[in-house]
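One structure is given below, encoded as C-alpha cells.
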Amino acid sequence: MADSATSCAALSAPRRPTATRAIPVPEHLRLGFLPRVFGPQHCGAAEAAVFDAMRRLCPDYCASNWHFYDLSNGGFYMAPEDTAAAGQPPTTLLVCAPSGEQVHLSCDAAGIAATLDALMAVFWEGLDSMVNAYYRLRDFAIEHPEHQGILRVVD
C-alpha cells in the first residue's frame, strides 16, 4: 500500500520548470545576431548601449571580444570573453552597483548585468520591443549561479 501511495504522490507532485539554457551563437551566425535580436535599424545603438553599460558598471574593464548567447526562453545576452589562461581561475571583474557597492562578477555575469542595463536603457528610449527581452534575460539571471551579484548591480 505504501508503494502505491508513494507512486501517486510522485505523479501528482508539481513539475519543476526546466532551467533556461544559454546557447552560444556560433561564429558563422554572429554577424546576423545583433540585427536579429535588436532589429536592423536599432542594432548599432543597442550594441553601443551594452558597451556603454559595461564601461559604466566596470570602469576598469578593457575592451575584449564579446560572445553572444541565445536563451532557451527566447531571450539573449552578450558577455565579454574571459581571457584567463587555460588552467587558471576564471577572470572576475569588479562591477559597481548604482548604490556604490562593488561586486566581483565573472565575465559572463558582468555581461548579463550590462545587457540588462542596456535593455532597460533602450526600452526607455522608445524601443518597446525590448521589454520582453529584458524580462527573459532577468528570468535567466535569477537562475544564474551569480544571481545575487547580478541583481545587486541592476536592481
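Naming scheme: A, B, ... for chains in displayed order of the C-alpha cells; residues 1 onward per chain; ligands 1 onward as shown.
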
Could you give me, as number ranges by chain, each residue of chain A that DSSP assigns to strand (DSSP E or B) when run on this structure's backbone? A: 22-24, 66-71, 76-80, 92-96, 102-106

Which polymer residues have any atom within 6 Å of an atom of Ala22 of chain A, counting only C-alpha atoms, with same-chain residues fewer than 2 positions away left out, as a VMD selection string? chain A and resid 69 to 71

I'd like the contact shell of Arg21 of chain A - 8 Å cut-off, only C-alpha atoms, skipping same-chain residues fewer than 2 positions apart - returned as a ChimeraX atom specification. /A:19,23,71-73,140

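Here atom CA of Val122 of chain A stands at a distance of 13.8 Å from atom CA of Leu34 of chain A.
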
Name the closest residue to Leu119 of chain A among the candidates A:Ala85, A:Ala63, A:Glu101, A:Ala48; distances are taken between atoms, counting only C-alpha atoms.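 Checking each candidate against Leu119 of chain A, we get A:Ala48 as the closest.
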
Using only C-alpha atoms, determine which residues lie at most 10 Å from Tyr134 of chain A, disregarding the query and same-chain residues fewer than 6 positions distant; provide the list as a compact mmCIF listing (two decimals) with all heavy atoms, in the first residue's frame.
# COMPACT_ATOMS: atom_id res chain seq x y z
N GLY A 75 15.17 34.70 -24.91
CA GLY A 75 15.98 35.88 -24.64
C GLY A 75 17.37 35.77 -25.25
O GLY A 75 17.66 34.87 -26.03
N PHE A 76 18.22 36.70 -24.86
CA PHE A 76 19.59 36.73 -25.37
C PHE A 76 20.43 37.60 -24.45
O PHE A 76 19.90 38.34 -23.61
CB PHE A 76 19.62 37.31 -26.79
CG PHE A 76 19.16 38.74 -26.85
CD1 PHE A 76 20.06 39.79 -26.68
CD2 PHE A 76 17.83 39.04 -27.07
CE1 PHE A 76 19.63 41.10 -26.72
CE2 PHE A 76 17.38 40.36 -27.11
CZ PHE A 76 18.28 41.39 -26.93
N TYR A 77 21.75 37.51 -24.61
CA TYR A 77 22.66 38.44 -23.95
C TYR A 77 24.01 38.40 -24.61
O TYR A 77 24.29 37.55 -25.46
CB TYR A 77 22.76 38.20 -22.45
CG TYR A 77 23.51 36.96 -21.99
CD1 TYR A 77 24.83 37.03 -21.55
CD2 TYR A 77 22.88 35.72 -21.96
CE1 TYR A 77 25.49 35.89 -21.10
CE2 TYR A 77 23.53 34.59 -21.51
CZ TYR A 77 24.85 34.69 -21.07
OH TYR A 77 25.50 33.57 -20.63
N THR A 115 23.99 43.75 -20.26
CA THR A 115 22.91 43.60 -21.24
C THR A 115 21.57 43.99 -20.63
O THR A 115 20.77 44.68 -21.26
CB THR A 115 22.87 42.16 -21.79
OG1 THR A 115 24.14 41.81 -22.32
CG2 THR A 115 21.82 42.03 -22.88
N LEU A 116 21.32 43.58 -19.37
CA LEU A 116 20.09 44.01 -18.69
C LEU A 116 20.01 45.53 -18.60
O LEU A 116 18.97 46.14 -18.88
CB LEU A 116 20.01 43.40 -17.29
CG LEU A 116 19.57 41.95 -17.20
CD1 LEU A 116 19.86 41.38 -15.81
CD2 LEU A 116 18.10 41.80 -17.55
N ASP A 117 21.11 46.15 -18.21
CA ASP A 117 21.15 47.61 -18.09
C ASP A 117 20.87 48.26 -19.44
O ASP A 117 20.08 49.22 -19.53
CB ASP A 117 22.52 48.02 -17.56
CG ASP A 117 22.60 49.49 -17.23
OD1 ASP A 117 22.97 50.28 -18.14
OD2 ASP A 117 22.31 49.87 -16.08
N ALA A 118 21.49 47.75 -20.49
CA ALA A 118 21.29 48.31 -21.83
C ALA A 118 19.86 48.10 -22.33
O ALA A 118 19.28 48.99 -22.95
CB ALA A 118 22.29 47.70 -22.80
N LEU A 119 19.30 46.92 -22.07
CA LEU A 119 17.92 46.67 -22.49
C LEU A 119 16.96 47.64 -21.83
O LEU A 119 16.02 48.13 -22.46
CB LEU A 119 17.52 45.22 -22.19
CG LEU A 119 18.13 44.17 -23.10
CD1 LEU A 119 17.87 42.77 -22.55
CD2 LEU A 119 17.60 44.31 -24.52
N MET A 120 17.20 47.94 -20.56
CA MET A 120 16.34 48.91 -19.88
C MET A 120 16.53 50.30 -20.50
O MET A 120 15.56 51.03 -20.72
CB MET A 120 16.65 48.94 -18.38
CG MET A 120 15.70 49.81 -17.59
SD MET A 120 13.93 49.45 -17.81
CE MET A 120 13.80 47.85 -17.08
N PHE A 123 14.83 50.43 -23.86
CA PHE A 123 13.38 50.42 -23.65
C PHE A 123 12.90 51.83 -23.33
O PHE A 123 11.91 52.31 -23.88
CB PHE A 123 13.01 49.44 -22.54
CG PHE A 123 11.58 49.57 -22.09
CD1 PHE A 123 10.54 49.17 -22.90
CD2 PHE A 123 11.26 50.14 -20.86
CE1 PHE A 123 9.22 49.29 -22.50
CE2 PHE A 123 9.95 50.28 -20.45
CZ PHE A 123 8.93 49.85 -21.28
N PHE A 140 16.51 34.48 -16.59
CA PHE A 140 17.74 33.69 -16.67
C PHE A 140 18.73 34.13 -15.58
O PHE A 140 19.36 33.29 -14.94
CB PHE A 140 18.38 33.84 -18.05
CG PHE A 140 19.70 33.15 -18.19
CD1 PHE A 140 19.78 31.77 -18.23
CD2 PHE A 140 20.87 33.88 -18.30
CE1 PHE A 140 21.01 31.12 -18.35
CE2 PHE A 140 22.09 33.25 -18.43
CZ PHE A 140 22.17 31.87 -18.45
